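Chemist: File follows, start_7.cif with mmCIF, C-alpha atoms:
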data_work
#
loop_
_atom_site.label_atom_id
_atom_site.label_comp_id
_atom_site.auth_asym_id
_atom_site.auth_seq_id
_atom_site.Cartn_x
_atom_site.Cartn_y
_atom_site.Cartn_z
CA MET A 246 187.90 103.21 129.26
CA THR A 247 188.41 100.37 131.70
CA VAL A 248 190.85 100.34 134.60
CA GLU A 249 192.11 97.45 136.68
CA ILE A 250 193.79 97.78 140.07
CA VAL A 251 196.49 95.38 141.20
CA CYS A 252 197.75 95.69 144.78
CA VAL A 253 201.08 93.98 145.38
CA GLY A 254 202.26 92.63 148.71
CA THR A 255 202.30 89.33 150.57
CA GLU A 256 201.38 91.21 153.75
CA LEU A 257 198.06 92.11 152.13
CA LEU A 258 197.30 88.46 151.38
CA LEU A 259 198.12 87.48 154.96
CA GLY A 260 195.89 90.19 156.39
CA ASN A 261 198.79 91.88 158.18
CA ILE A 262 197.85 95.15 156.49
CA VAL A 263 194.38 96.32 155.47
CA ASN A 264 194.24 97.12 151.76
CA THR A 265 193.15 100.75 151.94
CA ASN A 266 194.97 101.52 148.67
CA GLY A 267 192.50 99.43 146.69
CA ALA A 268 189.51 101.36 148.00
CA PHE A 269 191.21 104.73 147.52
CA LEU A 270 192.23 104.00 143.94
CA ALA A 271 188.85 102.50 143.04
CA GLU A 272 187.00 105.56 144.30
CA GLY A 273 189.41 107.89 142.52
CA CYS A 274 189.07 106.07 139.21
CA ALA A 275 185.28 105.94 139.48
CA ALA A 276 185.21 109.71 139.98
CA LEU A 277 187.07 110.03 136.68
CA GLY A 278 184.43 108.01 134.83
CA LEU A 279 186.63 104.93 134.39
CA GLU A 280 184.89 101.56 134.41
CA SER A 281 186.40 98.92 136.69
CA TYR A 282 185.50 95.23 136.59
CA TYR A 283 188.46 93.56 138.29
CA GLN A 284 190.68 94.19 141.29
CA THR A 285 193.48 91.84 142.30
CA VAL A 286 195.80 91.34 145.26
CA VAL A 287 198.97 89.39 144.54
CA GLY A 288 201.94 88.51 146.72
CA ASP A 289 205.59 89.38 146.20
CA ASN A 290 206.16 86.54 143.75
CA GLU A 291 207.68 87.27 140.38
CA GLY A 292 205.89 84.56 138.42
CA ARG A 293 202.43 85.20 139.86
CA LEU A 294 202.81 88.96 139.52
CA GLU A 295 203.77 88.57 135.86
CA GLY A 296 200.73 86.39 135.22
CA VAL A 297 198.38 88.83 136.94
CA LEU A 298 199.79 91.79 135.01
CA LYS A 299 199.55 90.05 131.64
CA THR A 300 195.94 89.09 132.30
CA ALA A 301 195.07 92.61 133.43
CA MET A 302 196.63 94.15 130.32
CA GLU A 303 194.66 91.80 128.07
CA ARG A 304 191.27 92.87 129.48
CA SER A 305 191.74 96.47 130.64
CA ASP A 306 192.86 99.73 129.03
CA ILE A 307 194.65 100.95 132.15
CA VAL A 308 196.34 98.90 134.88
CA ILE A 309 197.31 100.58 138.15
CA LEU A 310 199.70 98.69 140.42
CA SER A 311 200.48 99.74 143.96
CA GLY A 312 203.38 98.46 146.03
CA GLY A 313 206.60 96.65 145.26
CA LEU A 314 208.64 99.73 144.29
CA GLY A 315 210.91 99.63 147.34
CA PRO A 316 214.66 98.95 147.50
CA THR A 317 214.59 95.34 148.72
CA GLU A 318 214.91 92.12 146.74
CA ASP A 319 211.23 91.25 147.05
CA ASP A 320 210.20 94.62 145.53
CA LEU A 321 209.66 93.33 142.01
CA THR A 322 206.81 95.36 140.51
CA LYS A 323 208.89 97.67 138.34
CA GLU A 324 211.13 94.89 137.07
CA VAL A 325 208.19 92.66 136.14
CA ALA A 326 206.24 95.52 134.51
CA ALA A 327 209.27 96.50 132.43
CA ARG A 328 209.75 92.94 131.22
CA VAL A 329 206.06 92.43 130.37
CA CYS A 330 205.99 95.74 128.46
CA GLY A 331 209.23 94.95 126.65
CA ARG A 332 211.23 97.81 128.19
CA LYS A 333 214.74 97.90 129.61
CA LEU A 334 215.47 99.53 132.94
CA VAL A 335 217.67 102.61 132.63
CA LEU A 336 219.06 105.03 135.18
CA HIS A 337 216.90 108.12 135.62
CA GLU A 338 219.27 110.82 136.84
CA PRO A 339 216.59 113.18 138.26
CA SER A 340 215.25 110.31 140.38
CA ARG A 341 218.75 109.47 141.61
CA ALA A 342 219.27 113.11 142.56
CA ALA A 343 215.90 113.18 144.35
CA ILE A 344 216.83 110.07 146.37
CA GLU A 345 220.18 111.61 147.31
CA LYS A 346 218.45 114.83 148.41
CA PHE A 347 215.82 112.91 150.38
CA PHE A 348 218.46 111.23 152.55
CA ALA A 349 220.65 114.33 152.83
CA GLU A 350 217.76 116.35 154.24
CA ARG A 351 217.37 113.70 156.95
CA GLY A 352 221.05 113.55 157.77
CA THR A 353 221.50 109.95 156.61
CA ALA A 354 223.10 108.23 153.65
CA PRO A 355 221.27 105.96 151.18
CA THR A 356 222.29 102.32 151.05
CA GLU A 357 223.39 100.73 147.80
CA ASN A 358 220.00 99.13 147.17
CA ASN A 359 218.24 102.52 147.25
CA TRP A 360 219.72 103.32 143.84
CA LYS A 361 217.60 100.52 142.45
CA GLN A 362 214.65 102.88 142.82
CA ALA A 363 216.20 105.28 140.30
CA MET A 364 216.10 102.59 137.58
CA ILE A 365 213.11 103.35 135.34
CA PRO A 366 211.64 101.53 132.29
CA ALA A 367 212.88 103.17 129.12
CA ASP A 368 210.63 105.88 127.64
CA ALA A 369 208.36 105.84 130.68
CA ILE A 370 206.78 108.90 132.33
CA VAL A 371 208.27 109.45 135.78
CA LEU A 372 206.11 110.73 138.65
CA GLY A 373 208.00 112.59 141.36
CA ASN A 374 207.62 111.47 144.98
CA PRO A 375 208.34 114.26 147.50
CA ASN A 376 207.13 111.99 150.33
CA GLY A 377 209.45 109.03 149.72
CA THR A 378 212.23 107.55 147.64
CA ALA A 379 210.22 105.52 145.09
CA PRO A 380 209.15 107.49 142.01
CA GLY A 381 205.95 106.52 140.27
CA VAL A 382 206.00 105.30 136.67
CA ILE A 383 203.61 105.38 133.72
CA ILE A 384 204.39 102.97 130.86
CA GLU A 385 202.38 103.65 127.71
CA ALA A 386 202.59 100.16 126.21
CA ASP A 387 200.88 99.09 122.99
CA GLN A 388 198.40 96.86 124.84
CA ALA A 389 197.58 99.06 127.83
CA ARG A 390 198.79 101.92 129.99
CA VAL A 391 200.52 100.61 133.10
CA ILE A 392 200.80 102.92 136.12
CA LEU A 393 203.10 101.98 139.00
CA LEU A 394 202.61 103.66 142.38
CA PRO A 395 204.41 103.19 145.72
CA GLY A 396 202.62 101.19 148.41
CA PRO A 397 202.69 103.49 151.48
CA PRO A 398 199.40 105.46 151.48
CA ASN A 399 201.14 108.70 152.46
CA GLU A 400 203.11 108.41 149.20
CA LEU A 401 200.47 106.81 146.96
CA CYS A 402 197.56 109.14 147.73
CA PRO A 403 199.25 112.48 146.95
CA MET A 404 200.98 111.00 143.90
CA PHE A 405 197.67 109.74 142.55
CA GLU A 406 195.88 113.03 143.16
CA ASN A 407 198.66 115.32 141.98
CA SER A 408 200.07 113.33 139.04
CA VAL A 409 197.83 110.42 138.01
CA VAL A 410 194.45 112.20 138.11
CA PRO A 411 195.56 114.95 135.69
CA TYR A 412 197.03 112.29 133.39
CA LEU A 413 193.90 110.12 133.44
CA SER A 414 191.58 113.12 133.09
CA ARG A 415 192.98 113.72 129.65
CA LEU A 416 191.96 110.19 128.61
CA THR A 417 188.32 110.28 129.70
CA THR A 418 185.27 112.09 128.35
CA GLN A 419 182.91 111.45 131.28
CA VAL A 420 182.95 112.50 134.90
CA ILE A 421 181.30 110.46 137.64
CA CYS A 422 180.17 112.26 140.79
CA SER A 423 178.56 110.98 143.97
CA GLN A 424 176.76 112.41 146.95
CA THR A 425 176.17 110.43 150.12
CA VAL A 426 173.01 110.78 152.18
CA LYS A 427 173.61 109.53 155.72
CA VAL A 428 170.70 108.14 157.70
CA CYS A 429 170.55 107.12 161.37
CA GLY A 430 167.84 105.32 163.29
CA VAL A 431 166.77 103.31 160.22
CA GLY A 432 167.96 99.76 159.51
CA GLU A 433 169.38 98.72 156.14
CA SER A 434 166.46 96.43 155.22
CA ARG A 435 163.92 99.14 155.99
CA ALA A 436 165.94 101.70 154.07
CA GLU A 437 166.11 99.44 151.01
CA THR A 438 162.36 98.83 151.23
CA MET A 439 161.75 102.57 151.28
CA LEU A 440 163.99 102.92 148.21
CA LYS A 441 162.88 99.85 146.24
CA ASP A 442 160.95 101.73 143.56
CA LEU A 443 163.81 104.15 142.99
CA ILE A 444 166.39 101.36 142.83
CA ASP A 445 164.26 99.28 140.43
CA ALA A 446 163.86 102.25 138.07
CA GLN A 447 167.41 103.57 138.31
CA THR A 448 169.54 104.28 135.26
CA ASN A 449 171.56 107.46 135.72
CA PRO A 450 171.87 108.39 138.57
CA THR A 451 172.18 105.10 140.45
CA ILE A 452 171.42 104.50 144.13
CA ALA A 453 173.29 102.15 146.45
CA THR A 454 172.93 101.55 150.18
CA TYR A 455 175.79 100.75 152.56
CA ALA A 456 175.20 99.46 156.07
CA LYS A 457 177.33 101.05 158.77
CA THR A 458 177.22 100.47 162.52
CA GLY A 459 173.99 102.17 163.55
CA GLU A 460 173.65 103.96 160.22
CA VAL A 461 172.81 103.53 156.55
CA HIS A 462 174.63 105.51 153.89
CA ILE A 463 172.84 106.03 150.58
CA ARG A 464 175.16 106.93 147.74
CA VAL A 465 173.71 108.63 144.66
CA THR A 466 176.05 108.46 141.66
CA ALA A 467 175.70 110.08 138.26
CA GLY A 468 177.82 110.25 135.12
CA ALA A 469 177.93 113.27 132.81
CA GLU A 470 180.23 115.36 130.65
CA ASP A 471 181.34 117.47 133.63
CA LYS A 472 180.87 117.79 137.39
CA LYS A 473 178.19 120.48 137.12
CA ALA A 474 176.03 118.34 134.84
CA ALA A 475 176.49 115.26 137.06
CA MET A 476 175.50 117.15 140.21
CA LYS A 477 172.43 118.49 138.39
CA LEU A 478 171.31 114.88 137.85
CA ILE A 479 171.99 114.00 141.50
CA LYS A 480 170.12 116.96 143.03
CA PRO A 481 166.49 115.83 142.43
CA VAL A 482 167.26 112.32 143.70
CA VAL A 483 168.73 113.68 146.93
CA LYS A 484 165.67 115.91 147.28
CA GLU A 485 163.44 112.84 146.99
CA LEU A 486 165.48 111.00 149.61
CA LYS A 487 165.05 113.93 151.97
CA SER A 488 161.30 113.81 151.52
CA ARG A 489 161.24 110.09 152.32
CA PHE A 490 163.64 109.95 155.26
CA GLY A 491 163.06 113.40 156.74
CA ASN A 492 164.85 114.05 160.03
CA ASP A 493 166.48 110.62 159.94
CA ILE A 494 168.96 112.14 157.48
CA TYR A 495 171.70 113.73 159.55
CA THR A 496 173.92 114.96 156.72
CA THR A 497 174.58 114.92 152.98
CA GLU A 498 178.24 115.83 153.43
CA GLU A 499 180.83 113.07 153.10
CA GLU A 500 183.09 114.27 155.91
CA VAL A 501 180.35 114.70 158.56
CA THR A 502 180.06 111.84 161.05
CA LEU A 503 177.10 111.06 163.29
CA GLU A 504 178.96 112.32 166.36
CA LYS A 505 179.80 115.56 164.55
CA ALA A 506 176.15 116.02 163.58
CA VAL A 507 175.14 115.59 167.23
CA ALA A 508 177.93 117.87 168.43
CA ASP A 509 176.96 120.55 165.90
CA LEU A 510 173.35 120.36 167.12
CA LEU A 511 174.47 120.79 170.72
CA LEU A 512 176.82 123.65 169.88
CA ALA A 513 174.33 125.46 167.66
CA ASN A 514 171.76 125.47 170.45
CA ASN A 515 174.24 125.99 173.31
CA LEU A 516 173.15 122.76 175.01
CA THR A 517 175.48 121.23 177.57
CA VAL A 518 175.79 117.45 177.56
CA THR A 519 176.85 114.60 179.80
CA CYS A 520 176.99 110.81 179.38
CA ALA A 521 176.43 107.96 181.83
CA GLU A 522 177.60 104.61 180.51
CA SER A 523 177.62 101.05 181.71
CA CYS A 524 178.12 98.43 178.98
CA THR A 525 179.64 100.91 176.49
CA GLY A 526 182.38 101.76 178.99
CA GLY A 527 182.98 105.27 177.67
CA LEU A 528 182.59 104.65 173.92
CA LEU A 529 179.79 107.19 173.64
CA SER A 530 181.84 109.89 175.34
CA ALA A 531 184.85 108.96 173.24
CA ARG A 532 182.95 109.52 170.03
CA LEU A 533 181.66 112.89 171.19
CA VAL A 534 185.01 114.19 172.43
CA ASN A 535 186.55 113.20 169.11
CA VAL A 536 184.77 116.23 167.62
CA PRO A 537 186.81 119.47 167.74
CA GLY A 538 185.05 122.21 169.74
CA ILE A 539 182.91 119.86 171.83
CA SER A 540 184.63 121.14 174.99
CA ASP A 541 182.35 124.18 174.83
CA VAL A 542 179.35 122.05 175.77
CA TYR A 543 180.60 118.66 176.97
CA LYS A 544 180.51 118.70 180.79
CA SER A 545 181.36 115.17 181.89
CA GLY A 546 181.23 111.48 181.18
CA ILE A 547 180.94 108.81 183.82
CA VAL A 548 181.21 105.03 183.56
CA THR A 549 179.01 103.51 186.25
CA TYR A 550 179.67 99.85 185.63
CA SER A 551 178.63 98.56 189.06
CA ASN A 552 175.29 98.96 190.79
CA LYS A 553 177.09 100.71 193.62
CA ALA A 554 178.42 103.34 191.19
CA LYS A 555 174.99 103.81 189.65
CA ARG A 556 173.54 104.51 193.09
CA ARG A 557 176.39 106.71 194.30
CA PHE A 558 176.95 108.94 191.30
CA LEU A 559 173.63 108.82 189.45
CA ASN A 560 171.21 108.44 192.33
CA VAL A 561 169.65 105.28 190.87
CA LYS A 562 167.35 103.91 193.55
CA LYS A 563 168.31 100.72 195.34
CA THR A 564 164.72 99.51 194.99
CA THR A 565 164.85 100.07 191.21
CA LEU A 566 167.95 97.93 190.89
CA GLN A 567 166.51 95.20 193.10
CA LYS A 568 163.12 95.09 191.39
CA TYR A 569 164.06 95.64 187.72
CA GLY A 570 167.82 95.02 187.57
CA ALA A 571 170.66 97.09 186.21
CA VAL A 572 169.65 96.34 182.62
CA SER A 573 166.14 97.75 182.50
CA ARG A 574 164.10 100.62 181.19
CA GLN A 575 163.68 101.99 184.71
CA THR A 576 167.39 101.98 185.49
CA ALA A 577 168.30 103.63 182.19
CA GLU A 578 165.80 106.40 182.87
CA GLU A 579 167.12 107.05 186.36
CA MET A 580 170.70 106.99 185.06
CA ALA A 581 169.91 109.72 182.52
CA LYS A 582 168.05 111.89 185.02
CA GLY A 583 170.76 111.37 187.61
CA ALA A 584 173.52 112.25 185.15
CA ALA A 585 171.72 115.45 184.13
CA ALA A 586 171.36 116.47 187.77
CA PHE A 587 174.91 115.47 188.68
CA ALA A 588 176.48 117.46 185.82
CA LYS A 589 173.81 120.18 185.66
CA ALA A 590 173.61 119.45 181.93
CA ASP A 591 170.84 120.22 179.43
CA VAL A 592 171.19 116.84 177.71
CA ALA A 593 172.11 113.53 179.29
CA ALA A 594 172.44 110.14 177.62
CA ALA A 595 172.59 106.85 179.53
CA VAL A 596 173.39 103.34 178.33
CA THR A 597 172.99 100.05 180.19
CA GLY A 598 173.00 96.57 178.70
CA ILE A 599 174.52 93.12 178.36
CA ALA A 600 177.45 93.12 175.93
CA GLY A 601 178.27 89.43 176.40
CA PRO A 602 179.54 86.95 175.56
CA ASP A 603 178.12 85.71 178.86
CA GLY A 604 175.81 87.22 181.45
CA GLY A 605 172.64 86.83 179.44
CA THR A 606 169.47 85.00 180.45
CA GLU A 607 166.33 83.95 178.65
CA GLU A 608 164.58 87.03 179.98
CA LYS A 609 167.52 89.34 179.37
CA PRO A 610 169.67 87.94 176.55
CA VAL A 611 173.11 89.09 175.42
CA GLY A 612 172.73 92.16 173.24
CA LEU A 613 169.84 93.63 175.23
CA VAL A 614 170.48 97.35 175.75
CA PHE A 615 168.41 100.19 177.16
CA ILE A 616 169.32 103.73 176.19
CA ALA A 617 167.81 106.84 177.74
CA CYS A 618 168.11 110.49 176.77
CA CYS A 619 167.04 113.37 178.97
CA VAL A 620 166.62 116.79 177.32
CA LYS A 621 165.70 119.68 179.60
CA GLY A 622 163.93 117.32 182.00
CA LYS A 623 162.07 115.22 179.41
CA THR A 624 163.36 111.64 179.27
CA THR A 625 162.94 109.10 176.47
CA VAL A 626 163.97 105.44 176.84
CA GLU A 627 164.39 102.95 174.01
CA LYS A 628 164.98 99.21 174.10
CA TYR A 629 167.42 97.60 171.65
CA ARG A 630 168.58 94.09 170.84
CA PHE A 631 171.96 94.03 169.15
CA SER A 632 173.80 91.02 167.78
CA GLY A 633 177.44 90.18 167.25
CA SER A 634 180.55 90.13 169.39
CA ARG A 635 181.01 92.03 172.65
CA SER A 636 182.76 94.88 170.85
CA LYS A 637 180.08 94.96 168.15
CA VAL A 638 177.29 95.25 170.74
CA ARG A 639 179.13 98.09 172.46
CA GLU A 640 179.78 99.93 169.18
CA SER A 641 176.14 99.48 168.12
CA ALA A 642 174.93 100.80 171.48
CA ALA A 643 177.13 103.90 171.25
CA ALA A 644 175.86 104.61 167.72
CA ALA A 645 172.25 104.12 168.79
CA ALA A 646 172.77 106.48 171.72
CA LEU A 647 174.03 109.20 169.38
CA ALA A 648 171.02 108.69 167.09
CA LEU A 649 168.63 108.85 170.05
CA MET A 650 170.28 112.01 171.38
CA ARG A 651 169.88 113.68 168.02
CA ARG A 652 166.25 112.63 167.71
CA CYS A 653 165.36 113.79 171.22
CA ILE A 654 167.00 117.19 170.74
CA LEU A 655 165.15 117.71 167.45
CA GLU A 656 161.86 116.64 169.04
CA TYR A 657 162.42 118.98 171.97
CA PHE A 658 162.87 122.02 169.73
CA SER A 659 159.99 120.93 167.51
CA GLU A 660 157.69 120.82 170.54
CA VAL A 661 158.97 124.15 171.85
CA THR A 662 158.41 125.79 168.46
CA PHE A 663 154.97 124.20 168.13
CA GLY A 664 154.04 125.40 171.60
CA LYS A 665 155.02 128.96 170.74
CA LYS A 666 152.92 128.84 167.59
CA GLU A 667 149.93 127.55 169.58
CA LYS A 668 150.14 130.52 171.94
#
Before we go any further, please render this structure as structure tokens.
Modeler:
Amino acid sequence: MTVEIVCVGTELLLGNIVNTNGAFLAEGCAALGLESYYQTVVGDNEGRLEGVLKTAMERSDIVILSGGLGPTEDDLTKEVAARVCGRKLVLHEPSRAAIEKFFAERGTAPTENNWKQAMIPADAIVLGNPNGTAPGVIIEADQARVILLPGPPNELCPMFENSVVPYLSRLTTQVICSQTVKVCGVGESRAETMLKDLIDAQTNPTIATYAKTGEVHIRVTAGAEDKKAAMKLIKPVVKELKSRFGNDIYTTEEEVTLEKAVADLLLANNLTVTCAESCTGGLLSARLVNVPGISDVYKSGIVTYSNKAKRRFLNVKKTTLQKYGAVSRQTAEEMAKGAAAFAKADVAAAVTGIAGPDGGTEEKPVGLVFIACCVKGKTTVEKYRFSGSRSKVRESAAAAALALMRRCILEYFSEVTFGKKEK
């Protein structure tokens, strides 16, 4: 079966709100084995909305609309859908009672226009909304099934998962499952080159790469009669990816971020950590401290933006700064060593670079960044050249620092283990 998603709201067209509902619904429908070829955003205009809905019903089995179920005059989705499907709007007493209860629990009274939300297309299936006042609606029309959902994500998401998914599951015979393999330290072009033979030969499962800041996510997707069968198809492909990318894979779990993978590595090995940052201005520390439990090992973070601060807090030599400059391999190395000594930490990461948009030279252009990582006294320094805006350079540098930290920690324990075996 095919599904089409229509997101309603002029604010979406203007870019005032990011359309997260579209992505959420698309992913949810794909997981149910529904094919999707079109997705539309339309403003709060009765005529255009009617045209979009008619077109969607002509080419898709299921049409899901989000937004436009509110109490105001420009909330037109339900009225338009009822007219297109040839249904009258009738009062749904349970919905009216739910609206009354919703306001009573909050100590306020509904306004007259709130009762509009209790008007439902005749013979429609009503989806309760414990998180708001707009019930969802399913109209089983002759041409297509039309599903209306409220726009606020905190209302739409639970309604879709709790009410729409069970409904749609009864209509489909195939389940689509995915597993994401997350890779750091490898660029998208290199990753695609490493996967070219698999991508060229793919049928079921399929492989797709997604470039993230400092990472590449490889999604393996398979369709089968049930989840167990789909995951059985995915498993050998993921195993092959692991053999190709090795330690560059930091997780195969959707919810694990790069900073969590690094934090877990630190926590598992009881390694304390500190960060010394210049151009990133604390972004690296911010990502690490976003991980619950990091306080057990995170000792400090220091932003040494000026040369004076680098000398005072990190013991970077004056001669190093004069001879090589603040943005140099030598300065990054001394920053990492100095941070480790200052905080008495097992692991120290240091970042120095030129974020732009000015400050670059022919010898040291904007985007040039040096990142150092010191693990138990052994320091590694890498040179990077990032592109994009000032914020993009800073974000890329923070991501690269996390990837380098992870790599250096893994290498340290690999060498320690190897040394023990040699003895």
Chemist: Using 6 Å of padding on each side, determine the axis-aligned box around all atoms of stretch 495-506 of chain A present in the file and give its centre and edge lengths in Å to one decimal, as AutoDock Vina command-line options.
Modeler:
--center_x 177.4 --center_y 113.5 --center_z 159.7 --size_x 23.4 --size_y 17.0 --size_z 25.4
Chemist: What does the PyMOL selection byres ((chain A and resi 462-467) around 9) select in this file, as a PyMOL selection string?
Modeler: chain A and resi 420-429+433+436+448-457+460-461+468-469+474-476+478-479+482-483+486
Chemist: For the PyMOL selection byres ((chain A and resi 298) around 8), applied here, can you spell out every residue it catches as a list in words?
Modeler: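 Answer for the PyMOL selection byres ((chain A and resi 298) around 8): Val251, Leu294, Glu295, Gly296, Val297, Lys299, Thr300, Ala301, Met302, Val308, Ala326 and Val329 of chain A.
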Chemist: Pick from A:Lys544, A:Lys473, A:Lys555, A:Arg489: nearest to A:Leu440, with only C-alpha atoms counted?
Modeler: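 For A:Leu440, the nearest of the candidates is A:Arg489.
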Chemist: State, in Å with one decimal place, the distance from atom CA of A:Lys441 to atom CA of A:Tyr495.
Modeler: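 If I compute the distance from atom CA of A:Lys441 to atom CA of A:Tyr495, I get 21.2 Å.
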Chemist: Please evaluate the PyMOL selection byres ((chain A and resi 368) around 12) against the structure above and give the resulting residues as a ChimeraX atom specification.
Modeler: /A:327,330-337,364-367,369-371,382-386
Chemist: Give the answer as one residue: which of A:Pro610, A:Gly546, A:Gly583, A:Gly292 has the shortest atom-to-atom distance to A:Leu528, using only C-alpha atoms?
Modeler: A:Gly546
Chemist: Extract, using all atoms listed in the file, all DNA, RNA and protein residues at most 12 Å from A:Ala554, discarding same-chain residues fewer than 6 positions from it, and format them as an mmCIF file with C-alpha atoms, in the coordinates of the input.
Modeler:
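Okay, selection.cif is ready:
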data_model
loop_
_atom_site.group_PDB
_atom_site.id
_atom_site.type_symbol
_atom_site.label_atom_id
_atom_site.label_comp_id
_atom_site.auth_asym_id
_atom_site.auth_seq_id
_atom_site.Cartn_x
_atom_site.Cartn_y
_atom_site.Cartn_z
ATOM 1 C CA ALA A 521 176.430 107.960 181.830
ATOM 2 C CA GLU A 522 177.600 104.610 180.510
ATOM 3 C CA SER A 523 177.620 101.050 181.710
ATOM 4 C CA ILE A 547 180.940 108.810 183.820
ATOM 5 C CA VAL A 548 181.210 105.030 183.560
ATOM 6 C CA ASN A 560 171.210 108.440 192.330
ATOM 7 C CA VAL A 561 169.650 105.280 190.870
ATOM 8 C CA LYS A 562 167.350 103.910 193.550
ATOM 9 C CA LYS A 563 168.310 100.720 195.340
ATOM 10 C CA LEU A 566 167.950 97.930 190.890
ATOM 11 C CA ALA A 571 170.660 97.090 186.210
ATOM 12 C CA MET A 580 170.700 106.990 185.060
ATOM 13 C CA GLY A 583 170.760 111.370 187.610
ATOM 14 C CA ALA A 584 173.520 112.250 185.150
#
Chemist: Within 12 Å of (193.0, 106.9, 140.5) in the file's own coordinates, which protein, DNA or RNA residues have an atom, counting all atoms listed in the file? List them as a PyMOL selection string.
Modeler: chain A and resi 247-250+266-281+307-311+392-394+401-414
Chemist: Looking at all atoms listed in the file, which of A:Thr417, A:Thr353, A:Thr458, A:Thr496 is the one that sits closest to A:Ala642?
Modeler: A:Thr458
Chemist: Tell me which of A:Glu608, A:Glu640, A:Asp471, A:Glu627 sits closest to A:Ala531, counting only C-alpha atoms.
Modeler: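 Of all the options, A:Glu640 lies closest to A:Ala531.
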Chemist: Mind giving me the straight-line distance from atom CA of A:Asn376 to atom CA of A:Thr285 in Å, one decimal?
Modeler: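 According to the coordinates, atom CA of A:Asn376 and atom CA of A:Thr285 are separated by 25.6 Å.
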Chemist: Find the residue from A:Glu485, A:Ala645, A:Gly432, A:Asn492 that sits nearest to A:Thr525; use all atoms listed in the file when measuring.
Modeler: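 Answer, going by the shortest atom-to-atom distance: A:Ala645.
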Chemist: Could stretch 433-445 of chain A be written out with N, CA and C atoms, as a PDB file, in the first residue's frame, please?
Modeler:
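Dumped everything to part.pdb:
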ATOM      1  N   GLU A 433      32.238  10.877   3.971  1.00  0.00           N
ATOM      2  CA  GLU A 433      31.146  10.243   3.239  1.00  0.00           C
ATOM      3  C   GLU A 433      31.607   9.640   1.918  1.00  0.00           C
ATOM      4  N   SER A 434      32.448  10.366   1.176  1.00  0.00           N
ATOM      5  CA  SER A 434      32.895   9.856  -0.128  1.00  0.00           C
ATOM      6  C   SER A 434      33.709   8.575   0.026  1.00  0.00           C
ATOM      7  N   ARG A 435      34.564   8.543   1.046  1.00  0.00           N
ATOM      8  CA  ARG A 435      35.362   7.340   1.289  1.00  0.00           C
ATOM      9  C   ARG A 435      34.467   6.187   1.715  1.00  0.00           C
ATOM     10  N   ALA A 436      33.492   6.495   2.557  1.00  0.00           N
ATOM     11  CA  ALA A 436      32.572   5.456   3.018  1.00  0.00           C
ATOM     12  C   ALA A 436      31.798   4.861   1.844  1.00  0.00           C
ATOM     13  N   GLU A 437      31.315   5.717   0.946  1.00  0.00           N
ATOM     14  CA  GLU A 437      30.571   5.221  -0.213  1.00  0.00           C
ATOM     15  C   GLU A 437      31.456   4.387  -1.128  1.00  0.00           C
ATOM     16  N   THR A 438      32.722   4.787  -1.254  1.00  0.00           N
ATOM     17  CA  THR A 438      33.666   4.010  -2.068  1.00  0.00           C
ATOM     18  C   THR A 438      33.859   2.620  -1.468  1.00  0.00           C
ATOM     19  N   MET A 439      33.975   2.568  -0.154  1.00  0.00           N
ATOM     20  CA  MET A 439      34.153   1.288   0.527  1.00  0.00           C
ATOM     21  C   MET A 439      32.914   0.399   0.417  1.00  0.00           C
ATOM     22  N   LEU A 440      31.762   1.023   0.145  1.00  0.00           N
ATOM     23  CA  LEU A 440      30.504   0.280   0.085  1.00  0.00           C
ATOM     24  C   LEU A 440      29.984   0.080  -1.338  1.00  0.00           C
ATOM     25  N   LYS A 441      30.706   0.584  -2.328  1.00  0.00           N
ATOM     26  CA  LYS A 441      30.184   0.633  -3.697  1.00  0.00           C
ATOM     27  C   LYS A 441      29.698  -0.723  -4.204  1.00  0.00           C
ATOM     28  N   ASP A 442      30.456  -1.773  -3.959  1.00  0.00           N
ATOM     29  CA  ASP A 442      30.059  -3.090  -4.463  1.00  0.00           C
ATOM     30  C   ASP A 442      28.785  -3.585  -3.789  1.00  0.00           C
ATOM     31  N   LEU A 443      28.640  -3.281  -2.506  1.00  0.00           N
ATOM     32  CA  LEU A 443      27.433  -3.692  -1.796  1.00  0.00           C
ATOM     33  C   LEU A 443      26.218  -2.904  -2.271  1.00  0.00           C
ATOM     34  N   ILE A 444      26.409  -1.601  -2.482  1.00  0.00           N
ATOM     35  CA  ILE A 444      25.312  -0.749  -2.943  1.00  0.00           C
ATOM     36  C   ILE A 444      24.880  -1.138  -4.359  1.00  0.00           C
ATOM     37  N   ASP A 445      25.854  -1.413  -5.236  1.00  0.00           N
ATOM     38  CA  ASP A 445      25.533  -1.787  -6.620  1.00  0.00           C
ATOM     39  C   ASP A 445      24.760  -3.101  -6.695  1.00  0.00           C
TER      40      ASP A 445
END
